[in-house]
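Report on the following structure.
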Amino acid sequence: MKTLTCWSVVAVAGYFVFGAAACENPAIVSIPEGKGATLEQMLAAQAQVKTYQGKMNEYLACIDAESDSQGEKAPNEYKALMVNRHNAAVAEMEGVAAAFNTQIKAYKAANPTPAK
């Protein structure tokens with residue numbers, strides 16, 4: 001009976017997870033090394049980071065909508081999975097932003113603005 005119950009939980013969780021698979025995590029962006037990058041490369045990276053952040057916000061909205069659509073009927077495992085996916089996406093976004101900011105600082109250090 002335990003095996004049947006276990007498989008039932010897996011099947012139900014699988015049904016809910018399959019629905020969440022429609023939410024696709026966007027590809028992470030490549031950030032140039034600020035110390036050796038050109039202004040054009042840094043501006044291109046800035047545009048890529050902004051696009052990535054927008055796509056990640058869409059991804060988060062998708063995860064949240066999917067989770068909300070299941071409501072209280074969703075198994076606890078599913079709810080935990082969705083919370084983990086949300087938190088991992090936020091952590092990734094913060095990591096990309098921090099990496100970009102670090103490279104901007106490196107670019108500015110390597111390319112000081114001339115005094116007027």
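By order of appearance in the structure tokens: chains A, B, ..., then residues from 1 within every chain, and ligands from 1 in the order shown.
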
Point to revise | Exercise: Asn84 of chain A partners within 12 Å, only C-alpha atoms, chain neighbours under 6 positions left out, as a list in words | key: Leu60, Ile63, Asp64, Ser67, Glu77, Tyr78, Val90 and Ala91 of chain A

Writing out the chosen residues with N, CA and C atoms as a PDB file, in the first residue's frame:
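Written file, again-v7.pdb:
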ATOM      1  N   LEU A  60       9.506  34.765 -13.717  1.00  0.00           N
ATOM      2  CA  LEU A  60       8.984  34.784 -12.349  1.00  0.00           C
ATOM      3  C   LEU A  60       7.469  34.921 -12.342  1.00  0.00           C
ATOM      4  N   ILE A  63       6.011  31.533 -13.236  1.00  0.00           N
ATOM      5  CA  ILE A  63       6.086  30.605 -12.102  1.00  0.00           C
ATOM      6  C   ILE A  63       5.006  30.950 -11.079  1.00  0.00           C
ATOM      7  N   ASP A  64       4.892  32.216 -10.756  1.00  0.00           N
ATOM      8  CA  ASP A  64       3.910  32.640  -9.759  1.00  0.00           C
ATOM      9  C   ASP A  64       2.487  32.356 -10.232  1.00  0.00           C
ATOM     10  N   SER A  67       1.842  28.603 -10.076  1.00  0.00           N
ATOM     11  CA  SER A  67       1.669  28.195  -8.683  1.00  0.00           C
ATOM     12  C   SER A  67       0.307  28.640  -8.162  1.00  0.00           C
ATOM     13  N   GLU A  77       4.758  19.107  -2.042  1.00  0.00           N
ATOM     14  CA  GLU A  77       5.999  18.954  -2.801  1.00  0.00           C
ATOM     15  C   GLU A  77       6.024  19.924  -3.979  1.00  0.00           C
ATOM     16  N   TYR A  78       4.879  20.066  -4.640  1.00  0.00           N
ATOM     17  CA  TYR A  78       4.765  20.984  -5.769  1.00  0.00           C
ATOM     18  C   TYR A  78       4.966  22.421  -5.306  1.00  0.00           C
ATOM     19  N   VAL A  90      15.429  34.374  -8.571  1.00  0.00           N
ATOM     20  CA  VAL A  90      15.768  35.667  -7.960  1.00  0.00           C
ATOM     21  C   VAL A  90      17.255  35.709  -7.625  1.00  0.00           C
ATOM     22  N   ALA A  91      17.776  34.623  -7.067  1.00  0.00           N
ATOM     23  CA  ALA A  91      19.204  34.574  -6.730  1.00  0.00           C
ATOM     24  C   ALA A  91      20.065  34.697  -7.992  1.00  0.00           C
TER      25      ALA A  91
END

Practice item. May I have the residues within 12 Å of Gly34 of chain A as a PyMOL selection string, using only C-alpha atoms and disregarding those fewer than 5 positions away in the same chain? Key: chain A and resi 39-43+45-46+99-111

Check your understanding: Quick one: of A:Gly36, A:Gln48, A:Met56, A:Lys73, who's nearest to Glu94 of chain A, counting only C-alpha atoms?
Key -> A:Met56

Practice item. May I have all residues of segment 47-116 of chain A that DSSP, computed from the backbone, assigns to alpha helix (DSSP H), given as a PyMOL selection string? Key: chain A and resi 47-70+76-110

Check your understanding: Between A:Ala47, A:Glu66, A:Cys23, A:Glu58, which is the closest to Lys79 of chain A once you count only C-alpha atoms?
Key ->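 Smallest distance to Lys79 of chain A is found for A:Glu66.
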